[in-house]
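Raw contents of input09.csv, CSV, C-alpha atoms and all ligand atoms:
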chain,number,residue,atom,x,y,z
S,267,MET,CA,72.6,-38.4,-102.4
S,268,LYS,CA,76.0,-36.9,-102.8
S,269,HIS,CA,76.3,-34.6,-105.8
S,270,PRO,CA,79.3,-35.1,-108.1
S,271,PHE,CA,82.0,-32.5,-107.5
S,272,ILE,CA,82.0,-29.8,-110.2
S,273,ILE,CA,85.6,-29.4,-111.1
S,274,PHE,CA,86.7,-25.8,-111.7
S,275,GLY,CA,87.9,-25.1,-115.2
S,276,SER,CA,87.2,-28.6,-116.5
S,277,PRO,CA,88.3,-28.9,-120.1
S,278,GLN,CA,85.8,-29.9,-122.8
S,279,ILE,CA,87.5,-32.6,-124.9
S,280,GLY,CA,85.6,-34.0,-127.9
S,281,GLN,CA,85.9,-37.2,-129.9
S,282,ALA,CA,87.6,-35.2,-132.7
S,283,GLU,CA,90.5,-34.4,-130.4
S,284,ILE,CA,90.8,-38.0,-129.2
S,285,ASP,CA,90.7,-39.3,-132.8
S,286,GLU,CA,93.4,-36.8,-133.9
S,287,VAL,CA,95.7,-37.7,-131.0
S,288,VAL,CA,95.4,-41.4,-131.9
S,289,ALA,CA,96.0,-40.6,-135.6
S,290,THR,CA,99.1,-38.5,-134.6
S,291,MET,CA,100.5,-41.4,-132.5
S,292,LYS,CA,99.8,-43.9,-135.3
S,293,SER,CA,101.6,-41.5,-137.8
S,294,GLY,CA,104.8,-41.9,-135.8
S,295,TRP,CA,105.4,-38.2,-135.8
S,296,LEU,CA,104.9,-37.1,-132.2
S,297,GLY,CA,107.1,-34.0,-132.1
S,298,THR,CA,107.0,-30.7,-133.9
S,299,GLY,CA,105.7,-31.4,-137.3
S,300,PRO,CA,102.8,-31.1,-139.8
S,301,ARG,CA,100.1,-30.7,-137.1
S,302,VAL,CA,101.9,-27.9,-135.3
S,303,ALA,CA,102.3,-26.2,-138.7
S,304,ALA,CA,98.5,-26.6,-139.4
S,305,PHE,CA,97.6,-25.3,-135.9
S,306,GLU,CA,99.8,-22.2,-136.4
S,307,GLN,CA,98.2,-21.6,-139.7
S,308,ALA,CA,94.7,-22.0,-138.3
S,309,PHE,CA,95.4,-19.8,-135.3
S,310,ALA,CA,97.0,-17.1,-137.5
S,311,GLU,CA,93.9,-17.1,-139.7
S,312,TYR,CA,91.7,-16.9,-136.6
S,313,LYS,CA,93.6,-13.7,-135.8
S,314,GLY,CA,93.2,-12.4,-139.3
S,315,ALA,CA,96.8,-12.9,-140.2
S,316,THR,CA,99.2,-15.3,-142.0
S,317,VAL,CA,101.3,-18.0,-140.5
S,318,THR,CA,104.4,-15.8,-140.6
S,319,HIS,CA,102.9,-14.1,-137.6
S,320,ALA,CA,102.4,-17.1,-135.3
S,321,ALA,CA,104.7,-19.5,-133.5
S,322,ALA,CA,103.4,-22.4,-131.4
S,323,VAL,CA,105.3,-23.1,-128.2
S,324,ASN,CA,104.8,-25.3,-125.1
S,325,SER,CA,103.3,-22.7,-122.8
S,326,CYS,CA,102.3,-19.0,-122.5
S,327,THR,CA,105.1,-18.6,-120.0
S,328,ALA,CA,107.5,-19.7,-122.8
S,329,ALA,CA,105.7,-17.3,-125.2
S,330,LEU,CA,106.2,-14.4,-122.8
S,331,HIS,CA,109.8,-15.3,-122.3
S,332,VAL,CA,110.8,-15.5,-125.9
S,333,SER,CA,108.8,-12.4,-126.8
S,334,MET,CA,110.6,-10.3,-124.3
S,335,ILE,CA,114.0,-11.6,-125.6
S,336,ALA,CA,112.9,-11.0,-129.2
S,337,ALA,CA,111.8,-7.5,-128.1
S,338,GLY,CA,115.4,-6.8,-127.3
S,339,LEU,CA,115.1,-6.4,-123.5
S,340,GLU,CA,118.3,-6.3,-121.6
S,341,PRO,CA,119.3,-6.5,-118.0
S,342,GLY,CA,118.2,-3.5,-116.1
S,343,ASP,CA,115.4,-2.7,-118.5
S,344,GLU,CA,112.0,-2.2,-116.7
S,345,VAL,CA,108.8,-3.8,-117.8
S,346,ILE,CA,105.5,-2.5,-116.5
S,347,THR,CA,102.8,-5.0,-115.7
S,348,THR,CA,99.8,-5.6,-113.5
S,349,PRO,CA,99.9,-6.9,-109.9
S,350,LEU,CA,96.6,-8.8,-110.6
S,351,THR,CA,98.0,-11.6,-112.7
S,352,PHE,CA,99.4,-15.2,-112.5
S,353,CYS,CA,103.0,-15.4,-111.3
S,354,ALA,CA,104.1,-16.6,-114.7
S,355,THR,CA,103.7,-13.0,-116.1
S,356,VAL,CA,106.2,-11.6,-113.6
S,357,ASN,CA,108.5,-14.6,-113.6
S,358,ALA,CA,108.9,-14.4,-117.4
S,359,ILE,CA,110.0,-10.8,-117.0
S,360,ILE,CA,112.6,-11.8,-114.5
S,361,HIS,CA,113.8,-14.8,-116.6
S,362,ALA,CA,114.2,-12.4,-119.5
S,363,GLY,CA,116.7,-10.5,-117.3
S,364,ALA,CA,114.4,-7.5,-116.9
S,365,THR,CA,113.0,-5.8,-113.8
S,366,PRO,CA,109.2,-6.0,-113.3
S,367,VAL,CA,107.4,-2.8,-112.2
S,368,LEU,CA,103.8,-3.0,-111.1
S,369,ALA,CA,101.1,-0.5,-112.0
S,370,ASP,CA,97.8,-0.9,-110.1
S,371,VAL,CA,94.6,-2.0,-111.7
S,372,ASP,CA,91.4,-0.1,-112.3
S,373,PRO,CA,88.9,-1.3,-109.6
S,374,ALA,CA,86.0,-1.5,-112.1
S,375,THR,CA,87.7,-3.4,-114.9
S,376,LEU,CA,90.4,-5.2,-112.9
S,377,ASN,CA,92.8,-4.4,-115.8
S,378,ILE,CA,96.0,-2.3,-115.6
S,379,ASP,CA,95.2,1.4,-115.3
S,380,PRO,CA,96.8,3.5,-118.0
S,381,ALA,CA,97.1,6.4,-115.6
S,382,GLN,CA,99.1,4.2,-113.2
S,383,ILE,CA,101.3,3.0,-116.0
S,384,GLU,CA,102.2,6.6,-116.8
S,385,LYS,CA,103.3,7.2,-113.2
S,386,CYS,CA,105.7,4.2,-113.4
S,387,ILE,CA,107.6,5.3,-116.5
S,388,THR,CA,111.3,5.9,-115.8
S,389,PRO,CA,114.3,6.3,-118.2
S,390,ARG,CA,114.8,2.5,-117.9
S,391,THR,CA,111.3,1.6,-119.0
S,392,ARG,CA,111.4,-0.5,-122.2
S,393,ALA,CA,108.1,-2.4,-122.3
S,394,ILE,CA,104.5,-2.6,-121.1
S,395,LEU,CA,103.0,-6.0,-120.5
S,396,PRO,CA,99.2,-5.7,-120.1
S,397,VAL,CA,97.1,-8.7,-119.1
S,398,HIS,CA,93.6,-8.9,-120.5
S,399,PHE,CA,92.2,-10.0,-117.2
S,400,ALA,CA,89.4,-12.6,-117.2
S,401,GLY,CA,89.1,-11.9,-121.0
S,402,ARG,CA,88.1,-8.3,-120.7
S,403,PRO,CA,90.4,-6.4,-123.1
S,404,CYS,CA,92.6,-3.7,-121.5
S,405,ASP,CA,92.1,-0.1,-122.5
S,406,MET,CA,94.6,-0.4,-125.3
S,407,ASP,CA,94.2,3.1,-126.9
S,408,PRO,CA,95.8,4.9,-124.0
S,409,ILE,CA,98.3,2.1,-123.4
S,410,LEU,CA,99.5,2.2,-127.1
S,411,ASP,CA,99.6,5.9,-126.9
S,412,ILE,CA,101.9,5.8,-123.8
S,413,ALA,CA,104.1,3.2,-125.6
S,414,ASN,CA,104.3,5.4,-128.7
S,415,ARG,CA,105.2,8.5,-126.8
S,416,HIS,CA,107.9,6.7,-124.8
S,417,GLY,CA,109.2,4.3,-127.5
S,418,LEU,CA,108.1,1.2,-125.5
S,419,LYS,CA,107.4,-2.3,-126.7
S,420,VAL,CA,104.0,-3.8,-125.9
S,421,ILE,CA,103.6,-7.4,-125.1
S,422,GLU,CA,100.0,-8.6,-124.5
S,423,ASP,CA,99.5,-11.4,-122.1
S,424,CYS,CA,96.4,-13.0,-123.8
S,425,ALA,CA,96.3,-16.1,-121.6
S,426,HIS,CA,92.6,-15.2,-120.8
S,427,ALA,CA,91.9,-13.5,-124.1
S,428,ILE,CA,91.9,-15.8,-127.1
S,429,GLU,CA,88.5,-14.4,-128.3
S,430,SER,CA,88.9,-10.8,-126.9
S,431,GLU,CA,88.6,-7.8,-129.2
S,432,TYR,CA,89.0,-4.1,-128.6
S,433,HIS,CA,87.6,-1.4,-131.0
S,434,GLY,CA,87.6,-3.9,-133.8
S,435,ARG,CA,91.1,-5.3,-133.2
S,436,LYS,CA,91.9,-8.7,-131.9
S,437,ALA,CA,93.7,-9.4,-128.7
S,438,GLY,CA,97.4,-10.2,-129.3
S,439,THR,CA,97.5,-8.2,-132.6
S,440,MET,CA,97.6,-4.7,-131.0
S,441,GLY,CA,101.0,-4.8,-129.4
S,442,ASP,CA,104.3,-5.9,-130.8
S,443,PHE,CA,103.7,-9.4,-129.3
S,444,GLY,CA,100.7,-11.4,-128.1
S,445,CYS,CA,101.1,-14.4,-125.9
S,446,PHE,CA,98.4,-17.1,-125.6
S,447,SER,CA,98.0,-20.1,-123.3
S,448,PHE,CA,96.4,-23.5,-124.0
S,449,TYR,CA,96.8,-24.8,-120.5
S,450,VAL,CA,93.9,-27.1,-119.3
S,451,THR,CA,91.8,-24.4,-117.8
S,452,LYS,CA,92.1,-21.9,-120.7
S,453,ASN,CA,89.6,-21.2,-123.5
S,454,ILE,CA,91.5,-23.5,-125.9
S,455,VAL,CA,93.2,-26.5,-124.4
S,456,THR,CA,96.2,-28.5,-125.6
S,457,GLY,CA,97.2,-29.9,-122.2
S,458,GLU,CA,100.2,-27.6,-122.0
S,459,GLY,CA,100.8,-25.2,-124.9
S,460,GLY,CA,101.0,-21.6,-126.0
S,461,MET,CA,101.3,-19.4,-129.0
S,462,VAL,CA,103.4,-16.3,-129.8
S,463,PHE,CA,101.8,-13.8,-132.1
S,464,ALA,CA,103.9,-11.0,-133.5
S,465,ARG,CA,103.1,-8.0,-135.7
S,466,ASP,CA,106.5,-8.0,-137.3
S,467,GLU,CA,107.5,-11.2,-139.3
S,468,ALA,CA,111.1,-10.9,-138.2
S,469,ASP,CA,110.0,-11.1,-134.6
S,470,ILE,CA,108.3,-14.4,-135.2
S,471,GLY,CA,111.3,-15.7,-137.0
S,472,ARG,CA,113.4,-14.9,-133.9
S,473,ALA,CA,110.8,-16.3,-131.5
S,474,LYS,CA,110.8,-19.6,-133.5
S,475,ILE,CA,114.6,-19.9,-133.3
S,476,LEU,CA,114.6,-19.0,-129.6
S,477,ALA,CA,111.9,-21.6,-128.9
S,478,LEU,CA,114.1,-24.4,-130.4
S,479,HIS,CA,117.6,-24.2,-129.0
S,480,GLY,CA,118.5,-21.2,-131.1
S,481,MET,CA,118.7,-23.6,-134.2
S,482,SER,CA,118.2,-22.1,-137.6
S,483,LYS,CA,116.0,-25.0,-138.9
S,484,ASP,CA,113.5,-27.1,-137.1
S,485,ALA,CA,113.5,-30.9,-136.9
S,486,TRP,CA,110.6,-31.3,-139.3
S,487,HIS,CA,112.5,-29.6,-142.0
S,488,ARG,CA,115.7,-31.5,-141.2
S,489,PHE,CA,114.2,-35.0,-141.2
S,490,GLY,CA,111.6,-34.6,-143.9
S,491,ASP,CA,111.6,-36.3,-147.3
S,492,ALA,CA,113.6,-33.4,-148.8
S,493,GLY,CA,116.8,-35.0,-147.3
S,494,TYR,CA,118.9,-34.1,-144.3
S,495,LYS,CA,119.6,-30.5,-143.7
S,496,HIS,CA,122.4,-29.2,-141.5
S,497,TYR,CA,121.3,-26.7,-138.8
S,498,GLN,CA,123.3,-23.9,-137.3
S,499,VAL,CA,122.9,-22.6,-133.8
S,500,VAL,CA,122.7,-18.9,-134.1
S,501,GLU,CA,121.9,-18.1,-130.5
S,502,CYS,CA,121.4,-19.7,-127.1
S,503,GLY,CA,117.8,-20.7,-127.2
S,504,PHE,CA,115.4,-22.7,-125.2
S,505,LYS,CA,113.4,-26.0,-125.4
S,506,TYR,CA,110.0,-24.5,-125.9
S,507,ASN,CA,108.6,-26.2,-129.0
S,508,MET,CA,105.0,-27.6,-129.2
S,509,MET,CA,104.5,-31.3,-130.1
S,510,ASP,CA,102.2,-32.6,-132.8
S,511,ILE,CA,100.3,-34.5,-130.1
S,512,GLN,CA,99.4,-31.1,-128.5
S,513,ALA,CA,98.6,-29.4,-131.8
S,514,ALA,CA,96.3,-32.4,-132.6
S,515,ILE,CA,94.1,-31.3,-129.7
S,516,GLY,CA,94.4,-27.6,-130.4
S,517,ILE,CA,93.2,-27.9,-134.0
S,518,HIS,CA,89.8,-29.2,-133.0
S,519,GLN,CA,89.6,-27.0,-129.9
S,520,LEU,CA,90.1,-24.0,-132.2
S,521,ALA,CA,87.4,-25.2,-134.5
S,522,ARG,CA,85.0,-25.1,-131.6
S,523,VAL,CA,86.2,-21.8,-130.1
S,524,ALA,CA,83.2,-19.7,-131.1
S,525,GLN,CA,80.7,-22.3,-129.9
S,526,ASN,CA,82.4,-22.6,-126.5
S,527,TRP,CA,82.6,-18.9,-126.2
S,528,ARG,CA,78.8,-18.6,-126.8
S,529,ARG,CA,78.2,-21.2,-124.1
S,530,ARG,CA,80.4,-19.5,-121.6
S,531,SER,CA,78.8,-16.1,-122.4
S,532,GLU,CA,75.4,-17.6,-121.7
S,533,ILE,CA,76.6,-18.9,-118.3
S,534,TRP,CA,78.3,-15.6,-117.5
S,535,GLN,CA,75.1,-13.7,-118.2
S,536,ARG,CA,73.0,-16.1,-116.2
S,537,TYR,CA,75.3,-15.5,-113.2
S,538,GLN,CA,75.1,-11.8,-113.7
S,539,ASP,CA,71.3,-11.9,-113.5
S,540,ALA,CA,71.1,-14.5,-110.7
S,541,PHE,CA,73.4,-12.5,-108.4
S,542,ALA,CA,72.0,-9.0,-109.1
S,543,ASP,CA,70.4,-8.7,-105.6
S,544,LEU,CA,73.3,-10.2,-103.6
S,545,PRO,CA,75.6,-8.0,-101.5
S,546,VAL,CA,78.5,-8.8,-103.7
S,547,THR,CA,80.4,-6.9,-106.5
S,548,ARG,CA,79.7,-8.6,-109.8
S,549,PRO,CA,81.9,-8.1,-112.9
S,550,ALA,CA,81.3,-4.9,-114.9
S,551,GLU,CA,79.4,-5.4,-118.1
S,552,PRO,CA,81.7,-5.6,-121.1
S,553,GLU,CA,82.6,-2.1,-122.5
S,554,PRO,CA,81.0,-1.0,-125.8
S,555,ASN,CA,82.8,-1.9,-129.0
S,556,THR,CA,84.8,-4.7,-127.3
S,557,ARG,CA,84.4,-8.4,-127.0
S,558,HIS,CA,84.9,-10.0,-123.6
S,559,ALA,CA,86.4,-13.6,-123.9
S,560,HIS,CA,84.5,-14.6,-120.8
S,561,HIS,CA,87.3,-16.7,-119.5
S,562,LEU,CA,86.6,-16.1,-115.8
S,563,TYR,CA,83.5,-15.0,-113.8
S,564,THR,CA,84.6,-13.4,-110.6
S,565,LEU,CA,82.7,-12.1,-107.6
S,566,LEU,CA,84.1,-9.8,-104.9
S,567,ILE,CA,83.2,-10.9,-101.4
S,568,ASP,CA,83.5,-8.0,-99.0
S,569,GLU,CA,83.1,-9.3,-95.5
S,570,THR,CA,81.7,-6.0,-94.2
S,571,ARG,CA,78.8,-6.4,-96.7
S,572,THR,CA,78.3,-10.1,-96.7
S,573,GLY,CA,79.2,-11.1,-93.1
S,574,ILE,CA,81.3,-13.9,-94.6
S,575,ASN,CA,84.9,-13.5,-95.7
S,576,ARG,CA,86.3,-14.7,-99.0
S,577,ASP,CA,88.1,-17.8,-97.6
S,578,ALA,CA,85.0,-18.9,-95.7
S,579,PHE,CA,83.0,-18.5,-98.9
S,580,LEU,CA,85.6,-20.7,-100.8
S,581,ASP,CA,85.2,-23.4,-98.1
S,582,ALA,CA,81.4,-23.2,-98.2
S,583,MET,CA,81.4,-23.6,-102.0
S,584,THR,CA,83.8,-26.6,-101.7
S,585,ALA,CA,81.5,-28.1,-99.0
S,586,SER,CA,78.7,-27.7,-101.6
S,587,ARG,CA,80.9,-29.8,-103.9
S,588,ILE,CA,81.6,-27.0,-106.3
S,589,GLY,CA,85.2,-26.2,-107.3
S,590,VAL,CA,86.2,-22.5,-107.1
S,591,GLY,CA,89.3,-20.5,-108.0
S,592,VAL,CA,91.2,-17.3,-106.9
S,593,HIS,CA,92.5,-15.1,-109.7
S,594,TYR,CA,94.6,-13.8,-108.1
S,595,LEU,CA,96.2,-12.8,-104.8
S,596,SER,CA,98.1,-9.6,-105.7
S,597,ILE,CA,101.7,-10.5,-106.9
S,598,ALA,CA,103.0,-8.4,-104.0
S,599,GLU,CA,101.4,-10.8,-101.5
S,600,HIS,CA,104.0,-13.5,-102.3
S,601,PRO,CA,107.2,-13.8,-100.2
S,602,TYR,CA,109.6,-14.2,-103.1
S,603,TYR,CA,108.8,-10.9,-104.7
S,604,GLN,CA,108.6,-9.2,-101.3
S,605,GLN,CA,112.1,-10.4,-100.5
S,606,ARG,CA,113.6,-9.7,-103.9
S,607,PHE,CA,112.0,-6.3,-104.7
S,608,GLY,CA,110.9,-5.1,-101.2
S,609,TRP,CA,107.3,-4.9,-102.4
S,610,ARG,CA,104.4,-4.5,-99.9
S,611,PRO,CA,100.8,-5.4,-100.9
S,612,ASP,CA,99.5,-1.9,-99.9
S,613,GLU,CA,101.6,-0.2,-102.5
S,614,TRP,CA,98.9,-1.5,-105.0
S,615,PRO,CA,95.8,-1.0,-102.9
S,616,ASN,CA,93.2,-2.0,-105.6
S,617,ALA,CA,95.0,-5.2,-106.5
S,618,MET,CA,95.5,-6.0,-102.8
S,619,ARG,CA,91.8,-5.6,-102.0
S,620,ILE,CA,90.6,-7.4,-105.1
S,621,GLY,CA,93.0,-10.3,-104.5
S,622,ARG,CA,91.7,-10.7,-100.9
S,623,GLN,CA,88.0,-10.6,-102.0
S,624,THR,CA,87.9,-12.3,-105.4
S,625,VAL,CA,86.4,-15.7,-106.2
S,626,SER,CA,86.1,-17.3,-109.6
S,627,LEU,CA,83.1,-19.6,-110.2
S,628,PRO,CA,83.1,-22.5,-112.7
S,629,LEU,CA,82.7,-21.2,-116.3
S,630,SER,CA,83.6,-24.3,-118.4
S,631,PRO,CA,81.5,-24.9,-121.6
S,632,LYS,CA,81.2,-28.4,-120.2
S,633,LEU,CA,78.8,-27.2,-117.5
S,634,GLY,CA,75.3,-28.5,-117.9
S,635,ALA,CA,72.0,-26.8,-116.9
S,636,GLU,CA,71.9,-28.8,-113.7
S,637,ASP,CA,75.5,-27.7,-112.8
S,638,GLU,CA,74.5,-24.1,-113.4
S,639,ARG,CA,71.5,-24.4,-111.2
S,640,ARG,CA,73.5,-26.0,-108.4
S,641,ILE,CA,76.2,-23.2,-108.6
S,642,ILE,CA,73.6,-20.4,-108.5
S,643,SER,CA,71.7,-21.9,-105.7
S,644,ALA,CA,74.8,-22.6,-103.6
S,645,VAL,CA,76.0,-19.0,-104.0
S,646,ASN,CA,72.6,-17.7,-103.1
S,647,ALA,CA,72.3,-20.0,-100.1
S,648,ILE,CA,75.7,-19.1,-98.7
S,649,LEU,CA,75.3,-15.3,-99.1
S,650,ARG,CA,71.7,-15.0,-98.1
S,651,SER,CA,72.1,-17.1,-94.9
S,652,GLU,CA,74.6,-14.6,-93.5
G,701,LIG,C1,97.7,-19.3,-117.4
G,701,LIG,C2,98.4,-17.9,-117.4
G,701,LIG,C3,99.7,-17.8,-117.8
G,701,LIG,C4,100.6,-18.9,-118.0
G,701,LIG,O1,100.2,-19.8,-119.0
G,701,LIG,P1,100.9,-21.2,-119.2
G,701,LIG,O2,100.5,-21.7,-120.6
G,701,LIG,O3,100.4,-22.1,-118.1
G,701,LIG,O4,102.4,-21.0,-119.1
G,701,LIG,C5,100.2,-16.5,-117.9
G,701,LIG,N1,99.5,-15.4,-117.6
G,701,LIG,C6,98.2,-15.5,-117.2
G,701,LIG,C7,97.5,-14.3,-116.9
G,701,LIG,C8,97.6,-16.8,-117.1
G,701,LIG,O5,96.4,-16.9,-116.6

Would you give me this structure, written as C-alpha cells?
Ligand SMILES: *Cc1c(COP(=O)(O)O)cnc(C)c1O
Amino acid sequence: MKHPFIIFGSPQIGQAEIDEVVATMKSGWLGTGPRVAAFEQAFAEYKGATVTHAAAVNSCTAALHVSMIAAGLEPGDEVITTPLTFCATVNAIIHAGATPVLADVDPATLNIDPAQIEKCITPRTRAILPVHFAGRPCDMDPILDIANRHGLKVIEDCAHAIESEYHGRKAGTMGDFGCFSFYVTKNIVTGEGGMVFARDEADIGRAKILALHGMSKDAWHRFGDAGYKHYQVVECGFKYNMMDIQAAIGIHQLARVAQNWRRRSEIWQRYQDAFADLPVTRPAEPEPNTRHAHHLYTLLIDETRTGINRDAFLDAMTASRIGVGVHYLSIAEHPYYQQRFGWRPDEWPNAMRIGRQTVSLPLSPKLGAEDERRIISAVNAILRSE
C-alpha cells in the first residue's frame, strides 16, 4: 500500500476559518475593513500592546519594506542581517534602497552572532535586521546594546517567531519594528499576509500610510456610513494592504495559536528524543528564560559522519513520501547577490556549512501520531542503513 504523501508545512484550517471566510464574502466587504481592524486589535493584544502598534499588510516582505522606509533608511545606508534567511529579508533591504551587509550566524543557535554584527559596523550602518531563526529568539540583549551604542534602528524579522519570547519580552516588541508572516507554512496562516508591529505609534501611522498608496485615510473610513471622506496622498506608497478575507482566516488562527504551538512543541521534543543516537546534529535545546516558537525542526546532515549527503537524504525522504524543506542555502550561494555584491559563500563559513547540511522535517500541528511515527522511522532507516 502506498502511503499518502506528508506535505511539508501543511496548514491546519478549521471550520471556524471556513465559516468566517464565507461570512466575509456574504457581507460584501472583501477588502480592508472591519475584520482587518479586528485582527490587528487581536494581534496587538496578543503582543501585550494596543492596536496603535500593529498594522496588517499582505506579506512579511511588505512589512519589512515599509518598516525600513518608516525607519528613515536612505540610499547608501547599510543594514546588517543574517546570511541564513529567506531571500525576502535581503530583497526588502535592497528594495528600501539600502545596502545589505551579512554577519555570520552562531553555529549552535543558527541565529545572527552579535560578535559578528559588531565587526560589520561602519559609519554607514543604520540598522540591524535580526531573524529569529526557526522560532529561536536571537540573543537580543547584546544586539540591542550594539544598536544603542551606535544609534541604530532594530527591525526584527519575526516570520518564524510569532510565539517567541526572550527574557520575558515578546518577539517583535524588542526592536523598533517587528515583522510577521502569515504565509501558508507559517505558525499563523492567512494564505498570504503579514503584520508590522512598531514600538512607536508614529511609526505605525507611517507604515499604514505607506502600505496603502501613501493615502492619508483608508478605504474603510472613506466608504463607511459616516459619509465620503476625501483622502490626500502624502507620500508615494505601496499596495500592501491586507484583505478582510485574509483577516477572517487570521482571527481564528490566532485564537488557536497556543494550542498549535503546544502540538508543534510536542512533535519537536519527540524528534529530539528519537534522533538522540543518530550521527546528526539536532537543534540546541531552547535557552533558559526564552520561548522557542518551534516553527522549524532542522537536522544537520554531515556526510563525513552519516555517509549520506544532505541532498541524497532529501531524495530518500521524498521517496518515503515525506515532504522536507531546506531553510536555507546561505544567501551568498545565490547568483544574484554574488553578481551584485561580489559575495562568496565562504565569507560566512557557518551559514555556508549549515546551508549545505540542513534539512527541515514536517512540523505542522496537523500531523497525526501515524505521520510522526512514519517520519521518525524513515529518518532512522535512512541514517542507520548508511
Ligand atoms: C517567510 C519568510 C519571509 C517572507 O514572508 P512573506 O509573508 O512570504 O513575505 C521573510 N523572512 C523569513 C525569515 C521568512 O521565513

Skipping near chain neighbours, those fewer than 4 positions away, what residues fall within 9 Å of Ser482 (chain S) using only C-alpha atoms, listed as a PyMOL selection string?
chain S and resi 474-475+478+497-501

With only C-alpha atoms as the counted atoms, please give the residues lying no more than 12 Å from Ala374 (chain S), apart from itself and same-chain residues fewer than 6 positions off, as a PyMOL selection string. chain S and resi 399+402+404+547-553+565-566+616-617+620

### Distance filter 10 Å around ligand LIG 701 (chain G), atoms: all atoms listed in the file, out as a PyMOL selection string
chain S and resi 323-331+348+350-358+396-401+422-427+445-452+455-461+561-562+593-594

Of S:Arg530, S:Arg392, S:Arg576, S:Lys436, the one nearest to Arg415 (chain S) when counting all atoms listed in the file is S:Arg392

Correct to one decimal, the distance CA of Gln604 (chain S)-CA of Val625 (chain S) is 23.6 Å

Can you measure CA of Arg557 (chain S) to CA of Gln535 (chain S) for me? One decimal in Å is fine.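 Pair CA of Arg557 (chain S) / CA of Gln535 (chain S) returns 13.9 Å.
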
What separates CA of Lys385 (chain S) and CA of Ile597 (chain S) is a distance of 18.9 Å

Identify, on the basis of only C-alpha atoms, every residue whose closest approach to Glu384 (chain S) does not exceed 12 Å; exclude the query and any residue fewer than 5 positions from it along the same chain; express the result as a list of chain:residue names. S:Ile346, S:Thr347, S:Val367, S:Leu368, S:Ala369, S:Asp370, S:Ile378, S:Asp379, S:Thr391, S:Ile394, S:Pro408, S:Ile409, S:Leu410, S:Asp411, S:Ile412, S:Ala413, S:Arg415, S:His416, S:Leu418

**Prompt:** Smallest atom-to-atom distance to His600 (chain S): which of S:Asn526, S:Gly621, S:Val287, S:Phe274, using all atoms listed in the file?
**Reply:**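 Counting all atoms listed in the file, the residue closest to His600 (chain S) is S:Gly621.
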
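Minimum distance to Ile335 (chain S) across S:Gly438, S:Gly503, S:Gly493, S:Gly294 (counting only C-alpha atoms) occurs at S:Gly503.
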
Legend entry - Residue contacts of Ala364 (chain S) (9 Å, only C-alpha atoms) excluding same-chain residues fewer than 6 positions away, as a VMD selection string: chain S and resid 334 339 to 345 358

Nearest to Asp285 (chain S) by atom-to-atom distance, counting all atoms listed in the file, from S:Ala524, S:His518, S:Pro611, S:Arg606
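Smallest distance to Asp285 (chain S) is found for S:His518.
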
Check the smallest atom-to-atom distance from each of S:Leu476, S:Val371, S:Ala437, S:Ile648 to Ala322 (chain S) using all atoms listed in the file, then report the winner.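 When distances to Ala322 (chain S) are compared using all atoms listed in the file, the smallest one comes from S:Leu476.
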
If you count all atoms listed in the file, the residue of S:Ile588, S:Gly417, S:Asp372, S:Asp407 closest to Thr388 (chain S) turns out to be S:Gly417
